[in-house]
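Have a look at the structure below, then the notes.
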Amino acid sequence: MSTDPRLRLSPSAVNDYNNCPQLYKYRAIDKLSQPPSLDAERGTLVHTVLHDLFENLPVDRTELTAIELLPSRWRDQVAAKPVLAEMVTNEKEWLDRAASLITTYFTLEAPATFEATHREMHLENDFSPQVYLHGYVDRLDIAPTGEVRIIDYKTGKSPKPGWEEKALFQLRVYALLYWKTNGVLPRLLQLIYLGDGKLVKSNPTLADLASAEKFLQRTADDIFISIEKDYWPPKPSRLCDWCFFKTICPAHVI
Ligand code: SF4
C-alpha cells in the first residue's frame with residue numbers, strides 16, 4: 001500500500017472524476033472493491049496474449065501463435081482469480097470470442113515487421129508537489145529513426161464520430177508523461193479497437209500536451225475541493241447502467 005500522501009492521478013481516475021465525482025469517490029477515496037467483469041477479463045486475456053506474442057521471434061509472431069497462446073494464458077488468469085471459472089460457463093465460446101479479437105488484430109497490424117520496444121510500460125511523473133501522475137502504456141515502439149509511437153489496445157468498439165478526441169485523452173497523458181521524462185515528443189498515438197477493427201490515430205503537438213496538462217491540473221484542483229468539502233455529487237448518465245455502485249448510489253437509492 002502506498003504511503004505517498006500526494007493525490008495519485010491517472011487517466012482513468014481523471015475520467016472517473018469527470019464522468020461522476022461520486023464514482024471517483026467510491027473507487028479512489030473509499031477504495032471499494034468491485035467484482036470482476038467479463039468484459040474487463042476478456043480485455044486482460046487479449047492484452048496478455050498480445051503482450052506475450054512479442055516474446056517470439058518476428059517470424060513466429062503469427063495469428064496462429066497468438067491464438068495458441070490463449071488457453072494457457074486463460075488458465076493462468078483463472079488460477080489467479082478462481083471465481084472466473086464459475087463466471088465463464090462456456091469456455092469454448094469464451095476462447096472463440098477472444099480468438100476473433102486476435103484475428104481482428106492481425107488485420108490492423110503486422111507484428112512480424114516491427115519491434116515492440118516497451119510493453120506494459122509504467123510512466124510516472126511528479127506532476128506537482130501535491131500530485132503524482134502515472135499510467136501504464138500497453139505498448140511503446142521506438143523506430144530506428146528514434147520516432148516514438150504509443151499504442152493502446154481496446155477490446156470494445158471505436159468511438160462514435162466526434163468522440164475521438166475524448167478517447168485520445170488517455171494517450172495524450174502518456175505522451176505528456178513520456179515527454180516530461182525523456183524530452184521526446186511521441187510522433188504517433190494510436191488506439192486499436194479490436195471490437196470493430198478500427199484505428200484512431202493522432203500526431204500529438206506540444207499544444208495538445210499543454211492542453212492535456214491544463215485539464216489534468218483543473219481536475220486535480222477540483223478533486224482537492226471535493227476532498228476539502230467532502231462534496232462528491234453523483235452525475236447520472238448512461239454509464240449508470242454499467243456502474244456496480246448503482247445499488248448504493250444516492251442518485252438511485254431513494
Ligand atoms: S450509478 Fe451513476 S451516478 Fe451513481 S456513482 Fe455510478 S455512475 Fe455515478
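Within each chain, counting starts at residue 1; across the C-alpha cells, chains are named A, B, ... in the order shown, with ligands numbered 1 upward in that order.
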Fill in: Test item: residues lying within 9 Å of ligand 1 with only C-alpha atoms and all ligand atoms, as a list in words
Asp16, Asn19, Cys20, Pro21, Gln22, Leu23, Tyr24, Lys25, Tyr26, Pro233, Pro234, Lys235, Pro236, Ser237, Arg238, Leu239, Cys240, Asp241, Trp242, Cys243, Phe244, Phe245, Lys246, Thr247, Ile248, Cys249, Pro250, Ala251 and His252 of chain A
Legend entry - Selection: 8 Å around segment 216-229 of chain A, only C-alpha atoms, excl. self and same-chain fewer than 5 positions, as a list in words: Leu7, Leu9, Val14, Tyr17, Asn18 and Val131 of chain A
*Check the DSSP output for the backbone and give back, as a PyMOL selection string, the residues of segment 22-236 of chain A in strand (DSSP E or B).*
chain A and resi 118-128+131-142+148-154+188-193+198-202
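Of the residues under consideration (A:Lys160, A:Asp230, A:Arg172, A:Leu84), A:Arg172 shows the shortest atom-to-atom contact distance to Ala207 of chain A when counting only C-alpha atoms.
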Of A:Val78, A:Ala112, A:Ala98, A:Ile29, the one nearest to Asn56 of chain A when counting only C-alpha atoms is A:Ala112
Tell me which protein, DNA and RNA residues are within 9 Å of Arg6 of chain A, counting only C-alpha atoms, leaving out same-chain ones fewer than 6 positions away, and put them as a PDB file with C-alpha atoms, in the first residue's frame.
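File written: out-v7.pdb
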ATOM      1  CA  PRO A 129       4.253  18.951  -5.208  1.00  0.00           C
ATOM      2  CA  GLN A 130       0.731  17.668  -4.401  1.00  0.00           C
ATOM      3  CA  VAL A 131       0.101  15.406  -7.408  1.00  0.00           C
ATOM      4  CA  TYR A 132       1.738  12.188  -8.612  1.00  0.00           C
TER       5      TYR A 132
END
Margin query: When you look at Val184 of chain A with a cut-off of 9 Å (counting only C-alpha atoms), what residues show up, excluding the ones that are within fewer than 3 positions of it in the same chain? I need them as a ChimeraX atom specification.
Written below: /A:147-148,175,178-181,187
### Query
So what do you get for atom CA of Lys31 of chain A versus atom CA of Ser10 of chain A, distance-wise?
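Those two atoms sit 15.1 Å apart.
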Next on the checklist: When you count only C-alpha atoms, which of these residues is closest to Arg149 of chain A: A:Glu164, A:Lys198, A:Asn125, A:Leu189?
Outcome noted: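 With only C-alpha atoms as the atom set, the closest residue is A:Leu189.
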Report task. Write out as a PyMOL selection string all residues of segment 57-172 of chain A that DSSP puts in alpha helix (DSSP H) for this structure's backbone. Result -> chain A and resi 63-80+83-87+91-108+164-172
Save out the residues we just selected, C-alpha atoms, as a PDB file, in the first residue's frame.
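Okay, result-v3.pdb is ready:
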ATOM      1  CA  GLU A  63      -2.068 -15.232 -35.800  1.00  0.00           C
ATOM      2  CA  LEU A  64      -1.762 -18.974 -35.106  1.00  0.00           C
ATOM      3  CA  THR A  65       0.923 -18.392 -32.442  1.00  0.00           C
ATOM      4  CA  ALA A  66      -1.280 -15.786 -30.764  1.00  0.00           C
ATOM      5  CA  ILE A  67      -4.398 -17.958 -30.829  1.00  0.00           C
ATOM      6  CA  GLU A  68      -2.436 -20.916 -29.464  1.00  0.00           C
ATOM      7  CA  LEU A  69      -1.367 -18.759 -26.502  1.00  0.00           C
ATOM      8  CA  LEU A  70      -4.984 -18.183 -25.463  1.00  0.00           C
ATOM      9  CA  PRO A  71      -5.752 -21.408 -23.498  1.00  0.00           C
ATOM     10  CA  SER A  72      -2.589 -21.292 -21.341  1.00  0.00           C
ATOM     11  CA  ARG A  73      -2.927 -17.573 -20.627  1.00  0.00           C
ATOM     12  CA  TRP A  74      -6.586 -18.123 -19.713  1.00  0.00           C
ATOM     13  CA  ARG A  75      -5.630 -20.968 -17.346  1.00  0.00           C
ATOM     14  CA  ASP A  76      -3.131 -18.599 -15.638  1.00  0.00           C
ATOM     15  CA  GLN A  77      -5.851 -15.942 -15.317  1.00  0.00           C
ATOM     16  CA  VAL A  78      -8.286 -18.418 -13.739  1.00  0.00           C
ATOM     17  CA  ALA A  79      -5.582 -19.716 -11.383  1.00  0.00           C
ATOM     18  CA  ALA A  80      -5.012 -16.156 -10.183  1.00  0.00           C
ATOM     19  CA  VAL A  83     -14.087 -17.087  -9.460  1.00  0.00           C
ATOM     20  CA  LEU A  84     -13.625 -16.708 -13.235  1.00  0.00           C
ATOM     21  CA  ALA A  85     -14.146 -20.448 -13.658  1.00  0.00           C
ATOM     22  CA  GLU A  86     -17.730 -20.014 -12.386  1.00  0.00           C
ATOM     23  CA  MET A  87     -18.356 -16.837 -14.381  1.00  0.00           C
ATOM     24  CA  GLU A  91     -15.107 -21.901 -22.138  1.00  0.00           C
ATOM     25  CA  LYS A  92     -15.021 -22.758 -25.837  1.00  0.00           C
ATOM     26  CA  GLU A  93     -17.311 -19.857 -26.691  1.00  0.00           C
ATOM     27  CA  TRP A  94     -15.248 -17.588 -24.439  1.00  0.00           C
ATOM     28  CA  LEU A  95     -11.953 -18.543 -26.091  1.00  0.00           C
ATOM     29  CA  ASP A  96     -13.511 -18.327 -29.578  1.00  0.00           C
ATOM     30  CA  ARG A  97     -14.625 -14.767 -28.877  1.00  0.00           C
ATOM     31  CA  ALA A  98     -11.126 -13.861 -27.679  1.00  0.00           C
ATOM     32  CA  ALA A  99      -9.668 -15.566 -30.781  1.00  0.00           C
ATOM     33  CA  SER A 100     -11.882 -13.461 -33.059  1.00  0.00           C
ATOM     34  CA  LEU A 101     -10.488 -10.301 -31.414  1.00  0.00           C
ATOM     35  CA  ILE A 102      -6.967 -11.604 -32.037  1.00  0.00           C
ATOM     36  CA  THR A 103      -7.873 -12.304 -35.669  1.00  0.00           C
ATOM     37  CA  THR A 104      -9.073  -8.712 -35.985  1.00  0.00           C
ATOM     38  CA  TYR A 105      -5.766  -7.513 -34.537  1.00  0.00           C
ATOM     39  CA  PHE A 106      -3.904  -9.163 -37.425  1.00  0.00           C
ATOM     40  CA  THR A 107      -5.999  -7.185 -39.928  1.00  0.00           C
ATOM     41  CA  LEU A 108      -4.699  -3.970 -38.353  1.00  0.00           C
ATOM     42  CA  GLU A 164     -12.325  10.506 -30.851  1.00  0.00           C
ATOM     43  CA  GLU A 165     -10.713  13.439 -29.026  1.00  0.00           C
ATOM     44  CA  LYS A 166     -12.110  12.273 -25.679  1.00  0.00           C
ATOM     45  CA  ALA A 167     -10.841   8.761 -26.404  1.00  0.00           C
ATOM     46  CA  LEU A 168      -7.360  10.110 -27.194  1.00  0.00           C
ATOM     47  CA  PHE A 169      -7.030  11.896 -23.839  1.00  0.00           C
ATOM     48  CA  GLN A 170      -5.514   8.807 -22.180  1.00  0.00           C
ATOM     49  CA  LEU A 171      -2.770   8.585 -24.824  1.00  0.00           C
ATOM     50  CA  ARG A 172      -2.089  12.319 -24.654  1.00  0.00           C
TER      51      ARG A 172
END
* To do: In Å, rounded to a single decimal, give me how far atom CA of Val49 of chain A is from atom CA of Pro161 of chain A.
  =>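 So the answer is 29.5 Å.
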